[in-house]
Amino acid sequence: VQLQASGGGLVQTGGSLRLSCAPSGSIASVTSMGWYRRAPGAQRELIAGLALNGNPIHPSYADSVKGRFTISRDAVNSTVYLQMNDLKPDDTAVYYCVADGGLAPWYYTGTEPQYWGQGTLVTVSS
């Protein structure tokens, strides 16, 4: 599975961006997708996860983005989106799209996702 992330850029505090992640390859094997980020000088952070294919497990969000970020998926083209609203300078980071094929979502089991896309840089100016 290959993941192509896009949508990063420069935005002012309070602005919005939408990141996209388009999977290719063995898409049918993917059961969950999501996003991580790595801010300068910080550890990697799980931002959002989404179970696919009717799995009733609810999406998961980091406390730092709850109420501001929304993860969703277009079932037609399998693209996963991260809508980011009310952006803050602390949201500045490289954002990575991920996917996994486990029976349960990786973020639910505490494991690492199998597939990683290239990062897309989000910069929020103050």
# chains A, B, ... in the order shown; residues from 1 in each chain; ligands from 1

call {"tool": "select_by_dssp", "arguments": {"residues": "chain A", "states": "strand (DSSP E or B)", "output": "NGL selection string"}}
result
:A and (2-6 or 9-12 or 17-24 or 32-38 or 44-51 or 60-61 or 69-73 or 80-84 or 93-100 or 115-125)

call {"tool": "residues_around", "arguments": {"residues": "Gln118 of chain A", "least_positions_apart": "4", "cutoff": "10 Å", "atoms": "only C-alpha atoms", "output": "PDB file with all heavy atoms, in the first residue's frame"}}
result
ATOM      1  N   GLN A   2       0.604   2.139  -0.896  1.00  0.00           N
ATOM      2  CA  GLN A   2       1.315   3.413  -0.944  1.00  0.00           C
ATOM      3  C   GLN A   2       0.340   4.517  -0.565  1.00  0.00           C
ATOM      4  O   GLN A   2      -0.852   4.440  -0.881  1.00  0.00           O
ATOM      5  CB  GLN A   2       1.870   3.695  -2.354  1.00  0.00           C
ATOM      6  CG  GLN A   2       2.961   2.731  -2.780  1.00  0.00           C
ATOM      7  CD  GLN A   2       2.379   1.387  -3.216  1.00  0.00           C
ATOM      8  OE1 GLN A   2       1.420   1.341  -3.961  1.00  0.00           O
ATOM      9  NE2 GLN A   2       2.957   0.294  -2.738  1.00  0.00           N
ATOM     10  N   LEU A   3       0.860   5.520   0.118  1.00  0.00           N
ATOM     11  CA  LEU A   3       0.028   6.619   0.600  1.00  0.00           C
ATOM     12  C   LEU A   3       0.589   7.936   0.094  1.00  0.00           C
ATOM     13  O   LEU A   3       1.771   8.221   0.298  1.00  0.00           O
ATOM     14  CB  LEU A   3      -0.023   6.610   2.131  1.00  0.00           C
ATOM     15  CG  LEU A   3      -0.504   5.316   2.774  1.00  0.00           C
ATOM     16  CD1 LEU A   3      -0.292   5.360   4.283  1.00  0.00           C
ATOM     17  CD2 LEU A   3      -1.968   5.072   2.446  1.00  0.00           C
ATOM     18  N   GLN A   4      -0.254   8.729  -0.533  1.00  0.00           N
ATOM     19  CA  GLN A   4       0.157  10.031  -1.060  1.00  0.00           C
ATOM     20  C   GLN A   4      -0.578  11.109  -0.285  1.00  0.00           C
ATOM     21  O   GLN A   4      -1.791  11.280  -0.450  1.00  0.00           O
ATOM     22  CB  GLN A   4      -0.175  10.124  -2.546  1.00  0.00           C
ATOM     23  CG  GLN A   4       0.237  11.431  -3.183  1.00  0.00           C
ATOM     24  CD  GLN A   4       1.732  11.592  -3.240  1.00  0.00           C
ATOM     25  OE1 GLN A   4       2.474  10.669  -3.588  1.00  0.00           O
ATOM     26  NE2 GLN A   4       2.202  12.773  -2.882  1.00  0.00           N
ATOM     27  N   ALA A   5       0.159  11.832   0.534  1.00  0.00           N
ATOM     28  CA  ALA A   5      -0.429  12.908   1.328  1.00  0.00           C
ATOM     29  C   ALA A   5      -0.217  14.251   0.646  1.00  0.00           C
ATOM     30  O   ALA A   5       0.799  14.464  -0.028  1.00  0.00           O
ATOM     31  CB  ALA A   5       0.193  12.928   2.717  1.00  0.00           C
ATOM     32  N   SER A   6      -1.184  15.128   0.825  1.00  0.00           N
ATOM     33  CA  SER A   6      -1.083  16.462   0.254  1.00  0.00           C
ATOM     34  C   SER A   6      -1.934  17.424   1.069  1.00  0.00           C
ATOM     35  O   SER A   6      -2.721  16.999   1.929  1.00  0.00           O
ATOM     36  CB  SER A   6      -1.549  16.455  -1.207  1.00  0.00           C
ATOM     37  OG  SER A   6      -2.901  16.042  -1.291  1.00  0.00           O
ATOM     38  N   CYS A  21      -5.152  12.183   1.894  1.00  0.00           N
ATOM     39  CA  CYS A  21      -4.276  11.009   1.802  1.00  0.00           C
ATOM     40  C   CYS A  21      -4.921  10.017   0.847  1.00  0.00           C
ATOM     41  O   CYS A  21      -5.978   9.454   1.154  1.00  0.00           O
ATOM     42  CB  CYS A  21      -4.066  10.381   3.163  1.00  0.00           C
ATOM     43  SG  CYS A  21      -3.052   8.883   3.104  1.00  0.00           S
ATOM     44  N   VAL A  94       5.224  18.376  10.645  1.00  0.00           N
ATOM     45  CA  VAL A  94       5.092  17.550   9.456  1.00  0.00           C
ATOM     46  C   VAL A  94       4.021  16.502   9.766  1.00  0.00           C
ATOM     47  O   VAL A  94       4.117  15.812  10.785  1.00  0.00           O
ATOM     48  CB  VAL A  94       6.415  16.883   9.077  1.00  0.00           C
ATOM     49  CG1 VAL A  94       6.224  15.966   7.863  1.00  0.00           C
ATOM     50  CG2 VAL A  94       7.477  17.938   8.774  1.00  0.00           C
ATOM     51  N   TYR A  95       3.036  16.395   8.920  1.00  0.00           N
ATOM     52  CA  TYR A  95       1.924  15.477   9.124  1.00  0.00           C
ATOM     53  C   TYR A  95       2.091  14.265   8.212  1.00  0.00           C
ATOM     54  O   TYR A  95       2.369  14.417   7.018  1.00  0.00           O
ATOM     55  CB  TYR A  95       0.605  16.183   8.829  1.00  0.00           C
ATOM     56  CG  TYR A  95       0.191  17.137   9.919  1.00  0.00           C
ATOM     57  CD1 TYR A  95       0.880  18.334  10.116  1.00  0.00           C
ATOM     58  CD2 TYR A  95      -0.868  16.852  10.784  1.00  0.00           C
ATOM     59  CE1 TYR A  95       0.538  19.213  11.129  1.00  0.00           C
ATOM     60  CE2 TYR A  95      -1.231  17.732  11.802  1.00  0.00           C
ATOM     61  CZ  TYR A  95      -0.522  18.899  11.963  1.00  0.00           C
ATOM     62  OH  TYR A  95      -0.871  19.774  12.974  1.00  0.00           O
ATOM     63  N   TYR A  96       1.902  13.084   8.802  1.00  0.00           N
ATOM     64  CA  TYR A  96       2.094  11.827   8.086  1.00  0.00           C
ATOM     65  C   TYR A  96       0.785  11.038   8.037  1.00  0.00           C
ATOM     66  O   TYR A  96       0.140  10.832   9.073  1.00  0.00           O
ATOM     67  CB  TYR A  96       3.152  10.972   8.770  1.00  0.00           C
ATOM     68  CG  TYR A  96       4.523  11.598   8.801  1.00  0.00           C
ATOM     69  CD1 TYR A  96       4.920  12.401   9.874  1.00  0.00           C
ATOM     70  CD2 TYR A  96       5.427  11.404   7.766  1.00  0.00           C
ATOM     71  CE1 TYR A  96       6.168  12.987   9.912  1.00  0.00           C
ATOM     72  CE2 TYR A  96       6.685  11.983   7.795  1.00  0.00           C
ATOM     73  CZ  TYR A  96       7.048  12.771   8.868  1.00  0.00           C
ATOM     74  OH  TYR A  96       8.290  13.348   8.900  1.00  0.00           O
ATOM     75  N   CYS A  97       0.451  10.590   6.864  1.00  0.00           N
ATOM     76  CA  CYS A  97      -0.684   9.699   6.684  1.00  0.00           C
ATOM     77  C   CYS A  97      -0.237   8.257   6.931  1.00  0.00           C
ATOM     78  O   CYS A  97       0.875   7.879   6.515  1.00  0.00           O
ATOM     79  CB  CYS A  97      -1.221   9.841   5.268  1.00  0.00           C
ATOM     80  SG  CYS A  97      -2.545   8.693   4.849  1.00  0.00           S
ATOM     81  N   VAL A  98      -1.095   7.470   7.575  1.00  0.00           N
ATOM     82  CA  VAL A  98      -0.761   6.076   7.849  1.00  0.00           C
ATOM     83  C   VAL A  98      -1.952   5.185   7.525  1.00  0.00           C
ATOM     84  O   VAL A  98      -3.088   5.644   7.467  1.00  0.00           O
ATOM     85  CB  VAL A  98      -0.343   5.860   9.318  1.00  0.00           C
ATOM     86  CG1 VAL A  98       0.899   6.659   9.649  1.00  0.00           C
ATOM     87  CG2 VAL A  98      -1.487   6.196  10.262  1.00  0.00           C
TER      88      VAL A  98
END

call {"tool": "residues_around", "arguments": {"residues": "Leu17 of chain A", "least_positions_apart": "4", "cutoff": "9 Å", "atoms": "only C-alpha atoms", "output": "VMD selection string"}}
result
chain A and resid 7 to 11 82 to 85 87 122

call {"tool": "residues_around", "arguments": {"residues": "Asn53 of chain A", "least_positions_apart": "3", "cutoff": "9 Å", "atoms": "only C-alpha atoms", "output": "list in words"}}
result
Thr31, Ser32, Pro56 and Ala75 of chain A

call {"tool": "residues_around", "arguments": {"residues": "Tyr115 of chain A", "least_positions_apart": "6", "cutoff": "7 Å", "atoms": "only C-alpha atoms", "output": "number ranges by chain"}}
result
A: 1, 98-100

call {"tool": "closest_residue", "arguments": {"among": "A:Asp63, A:Asp74, A:Glu45, A:Asp90", "to": "Pro23 of chain A", "atoms": "only C-alpha atoms"}}
result
A:Asp74

call {"tool": "residues_around", "arguments": {"residues": "Ile57 of chain A", "least_positions_apart": "3", "cutoff": "12 Å", "atoms": "only C-alpha atoms", "output": "PyMOL selection string"}}
result
chain A and resi 31-32+49-54+60+103-109

call {"tool": "write_last_selection", "arguments": {"atoms": "C-alpha atoms", "output": "PDB file, in the first residue's frame"}}
result
ATOM      1  CA  THR A  31      -8.816  -1.591   7.596  1.00  0.00           C
ATOM      2  CA  SER A  32      -7.848   1.652   9.295  1.00  0.00           C
ATOM      3  CA  GLY A  49      -7.411   7.396  13.489  1.00  0.00           C
ATOM      4  CA  LEU A  50     -10.378   6.041  11.571  1.00  0.00           C
ATOM      5  CA  ALA A  51     -11.646   2.487  11.253  1.00  0.00           C
ATOM      6  CA  LEU A  52     -12.894   1.641   7.767  1.00  0.00           C
ATOM      7  CA  ASN A  53     -15.445  -0.646   6.153  1.00  0.00           C
ATOM      8  CA  GLY A  54     -18.233  -0.200   8.641  1.00  0.00           C
ATOM      9  CA  SER A  60      -9.841   8.548  17.758  1.00  0.00           C
ATOM     10  CA  LEU A 103      -8.307  -6.890  12.411  1.00  0.00           C
ATOM     11  CA  ALA A 104      -8.625  -4.053  14.922  1.00  0.00           C
ATOM     12  CA  PRO A 105      -7.462  -0.471  14.308  1.00  0.00           C
ATOM     13  CA  TRP A 106      -3.834   0.018  15.263  1.00  0.00           C
ATOM     14  CA  TYR A 107      -4.727   2.996  17.435  1.00  0.00           C
ATOM     15  CA  TYR A 108      -7.138   0.770  19.367  1.00  0.00           C
ATOM     16  CA  THR A 109      -4.559  -1.943  20.000  1.00  0.00           C
TER      17      THR A 109
END

call {"tool": "atom_distance", "arguments": {"atom1": "atom CA of Gly25 of chain A", "atom2": "atom CA of Asn77 of chain A"}}
result
12.6 Å

call {"tool": "closest_residue", "arguments": {"among": "A:Val65, A:Met33, A:Val80, A:Ile71", "to": "Gly101 of chain A", "atoms": "only C-alpha atoms"}}
result
A:Met33

call {"tool": "atom_distance", "arguments": {"atom1": "atom CA of Ser126 of chain A", "atom2": "atom CA of Asp91 of chain A"}}
result
11.1 Å

call {"tool": "residues_around", "arguments": {"residues": "Arg44 of chain A", "least_positions_apart": "4", "cutoff": "12 Å", "atoms": "only C-alpha atoms", "output": "PDB file with C-alpha atoms, in the first residue's frame"}}
result
ATOM      1  CA  TRP A  35      -2.579  10.787  10.781  1.00  0.00           C
ATOM      2  CA  TYR A  36       0.493  11.423  12.907  1.00  0.00           C
ATOM      3  CA  ARG A  37       2.524  14.567  13.216  1.00  0.00           C
ATOM      4  CA  ARG A  38       6.013  15.493  14.321  1.00  0.00           C
ATOM      5  CA  ALA A  39       6.641  19.033  15.457  1.00  0.00           C
ATOM      6  CA  PRO A  40      10.170  20.474  15.486  1.00  0.00           C
ATOM      7  CA  ALA A  62      -5.482  13.339  20.329  1.00  0.00           C
ATOM      8  CA  ALA A  93       4.493  20.052  12.191  1.00  0.00           C
ATOM      9  CA  VAL A  94       5.092  17.550   9.456  1.00  0.00           C
ATOM     10  CA  TYR A  95       1.924  15.477   9.124  1.00  0.00           C
ATOM     11  CA  TYR A  96       2.094  11.827   8.086  1.00  0.00           C
ATOM     12  CA  GLU A 112       2.271   0.667  14.983  1.00  0.00           C
ATOM     13  CA  GLY A 119       5.007  13.893   5.256  1.00  0.00           C
TER      14      GLY A 119
END

call {"tool": "select_by_dssp", "arguments": {"residues": "segment 20-118 of chain A", "states": "helix (DSSP H, G or I)", "output": "PDB file with all heavy atoms, in the first residue's frame"}}
result
ATOM      1  N   ILE A  27      -5.488  -1.669  -1.705  1.00  0.00           N
ATOM      2  CA  ILE A  27      -6.384  -0.865  -0.871  1.00  0.00           C
ATOM      3  C   ILE A  27      -7.361  -1.730  -0.096  1.00  0.00           C
ATOM      4  O   ILE A  27      -7.709  -1.439   1.045  1.00  0.00           O
ATOM      5  CB  ILE A  27      -7.138   0.147  -1.747  1.00  0.00           C
ATOM      6  CG1 ILE A  27      -6.167   1.115  -2.415  1.00  0.00           C
ATOM      7  CG2 ILE A  27      -8.157   0.910  -0.924  1.00  0.00           C
ATOM      8  CD1 ILE A  27      -6.834   2.064  -3.384  1.00  0.00           C
ATOM      9  N   ALA A  28      -7.795  -2.830  -0.694  1.00  0.00           N
ATOM     10  CA  ALA A  28      -8.785  -3.683  -0.045  1.00  0.00           C
ATOM     11  C   ALA A  28      -8.272  -4.268   1.261  1.00  0.00           C
ATOM     12  O   ALA A  28      -9.063  -4.667   2.122  1.00  0.00           O
ATOM     13  CB  ALA A  28      -9.188  -4.803  -0.989  1.00  0.00           C
ATOM     14  N   SER A  29      -6.964  -4.302   1.445  1.00  0.00           N
ATOM     15  CA  SER A  29      -6.390  -4.879   2.665  1.00  0.00           C
ATOM     16  C   SER A  29      -6.352  -3.879   3.819  1.00  0.00           C
ATOM     17  O   SER A  29      -6.076  -4.253   4.948  1.00  0.00           O
ATOM     18  CB  SER A  29      -4.971  -5.378   2.398  1.00  0.00           C
ATOM     19  OG  SER A  29      -4.102  -4.296   2.127  1.00  0.00           O
ATOM     20  N   PRO A  89      -0.283  27.966  16.370  1.00  0.00           N
ATOM     21  CA  PRO A  89       1.150  27.767  16.083  1.00  0.00           C
ATOM     22  C   PRO A  89       1.664  26.404  16.566  1.00  0.00           C
ATOM     23  O   PRO A  89       2.548  25.821  15.923  1.00  0.00           O
ATOM     24  CB  PRO A  89       1.808  28.920  16.837  1.00  0.00           C
ATOM     25  CG  PRO A  89       0.770  30.002  16.815  1.00  0.00           C
ATOM     26  CD  PRO A  89      -0.547  29.285  16.952  1.00  0.00           C
ATOM     27  N   ASP A  90       1.112  25.880  17.647  1.00  0.00           N
ATOM     28  CA  ASP A  90       1.536  24.561  18.148  1.00  0.00           C
ATOM     29  C   ASP A  90       1.165  23.430  17.202  1.00  0.00           C
ATOM     30  O   ASP A  90       1.633  22.301  17.373  1.00  0.00           O
ATOM     31  CB  ASP A  90       0.919  24.282  19.518  1.00  0.00           C
ATOM     32  CG  ASP A  90       1.602  25.068  20.628  1.00  0.00           C
ATOM     33  OD1 ASP A  90       2.670  25.660  20.361  1.00  0.00           O
ATOM     34  OD2 ASP A  90       1.070  25.089  21.751  1.00  0.00           O
ATOM     35  N   ASP A  91       0.314  23.699  16.225  1.00  0.00           N
ATOM     36  CA  ASP A  91      -0.029  22.666  15.241  1.00  0.00           C
ATOM     37  C   ASP A  91       1.015  22.572  14.127  1.00  0.00           C
ATOM     38  O   ASP A  91       0.922  21.680  13.277  1.00  0.00           O
ATOM     39  CB  ASP A  91      -1.391  22.965  14.615  1.00  0.00           C
ATOM     40  CG  ASP A  91      -2.529  22.875  15.610  1.00  0.00           C
ATOM     41  OD1 ASP A  91      -2.527  21.937  16.426  1.00  0.00           O
ATOM     42  OD2 ASP A  91      -3.415  23.753  15.580  1.00  0.00           O
ATOM     43  N   TRP A 106      -5.096  -0.013  14.526  1.00  0.00           N
ATOM     44  CA  TRP A 106      -3.834   0.018  15.263  1.00  0.00           C
ATOM     45  C   TRP A 106      -3.906   0.955  16.478  1.00  0.00           C
ATOM     46  O   TRP A 106      -3.309   0.694  17.502  1.00  0.00           O
ATOM     47  CB  TRP A 106      -2.705   0.436  14.309  1.00  0.00           C
ATOM     48  CG  TRP A 106      -2.492   1.915  14.271  1.00  0.00           C
ATOM     49  CD1 TRP A 106      -1.602   2.643  14.998  1.00  0.00           C
ATOM     50  CD2 TRP A 106      -3.248   2.867  13.511  1.00  0.00           C
ATOM     51  NE1 TRP A 106      -1.760   3.971  14.734  1.00  0.00           N
ATOM     52  CE2 TRP A 106      -2.746   4.149  13.823  1.00  0.00           C
ATOM     53  CE3 TRP A 106      -4.299   2.763  12.589  1.00  0.00           C
ATOM     54  CZ2 TRP A 106      -3.251   5.304  13.244  1.00  0.00           C
ATOM     55  CZ3 TRP A 106      -4.787   3.912  12.017  1.00  0.00           C
ATOM     56  CH2 TRP A 106      -4.275   5.161  12.350  1.00  0.00           C
ATOM     57  N   TYR A 107      -4.661   2.043  16.331  1.00  0.00           N
ATOM     58  CA  TYR A 107      -4.727   2.996  17.435  1.00  0.00           C
ATOM     59  C   TYR A 107      -5.551   2.433  18.586  1.00  0.00           C
ATOM     60  O   TYR A 107      -5.454   2.901  19.723  1.00  0.00           O
ATOM     61  CB  TYR A 107      -5.315   4.333  16.958  1.00  0.00           C
ATOM     62  CG  TYR A 107      -6.708   4.247  16.364  1.00  0.00           C
ATOM     63  CD1 TYR A 107      -7.830   4.299  17.155  1.00  0.00           C
ATOM     64  CD2 TYR A 107      -6.872   4.129  14.991  1.00  0.00           C
ATOM     65  CE1 TYR A 107      -9.097   4.225  16.609  1.00  0.00           C
ATOM     66  CE2 TYR A 107      -8.143   4.050  14.423  1.00  0.00           C
ATOM     67  CZ  TYR A 107      -9.256   4.093  15.245  1.00  0.00           C
ATOM     68  OH  TYR A 107     -10.510   4.016  14.696  1.00  0.00           O
ATOM     69  N   TYR A 108      -6.330   1.425  18.334  1.00  0.00           N
ATOM     70  CA  TYR A 108      -7.138   0.770  19.367  1.00  0.00           C
ATOM     71  C   TYR A 108      -6.308  -0.269  20.113  1.00  0.00           C
ATOM     72  O   TYR A 108      -6.495  -0.482  21.311  1.00  0.00           O
ATOM     73  CB  TYR A 108      -8.348   0.114  18.712  1.00  0.00           C
ATOM     74  CG  TYR A 108      -9.401  -0.371  19.666  1.00  0.00           C
ATOM     75  CD1 TYR A 108     -10.257   0.529  20.293  1.00  0.00           C
ATOM     76  CD2 TYR A 108      -9.569  -1.729  19.926  1.00  0.00           C
ATOM     77  CE1 TYR A 108     -11.236   0.093  21.154  1.00  0.00           C
ATOM     78  CE2 TYR A 108     -10.550  -2.169  20.781  1.00  0.00           C
ATOM     79  CZ  TYR A 108     -11.391  -1.262  21.396  1.00  0.00           C
ATOM     80  OH  TYR A 108     -12.359  -1.698  22.245  1.00  0.00           O
ATOM     81  N   THR A 109      -5.373  -0.887  19.396  1.00  0.00           N
ATOM     82  CA  THR A 109      -4.559  -1.943  20.000  1.00  0.00           C
ATOM     83  C   THR A 109      -3.213  -1.443  20.498  1.00  0.00           C
ATOM     84  O   THR A 109      -2.482  -2.186  21.138  1.00  0.00           O
ATOM     85  CB  THR A 109      -4.313  -3.067  18.980  1.00  0.00           C
ATOM     86  OG1 THR A 109      -3.603  -2.537  17.851  1.00  0.00           O
ATOM     87  CG2 THR A 109      -5.629  -3.680  18.508  1.00  0.00           C
TER      88      THR A 109
END

call {"tool": "atom_distance", "arguments": {"atom1": "atom CA of Ser78 of chain A", "atom2": "atom CA of Gly34 of chain A"}}
result
12.4 Å
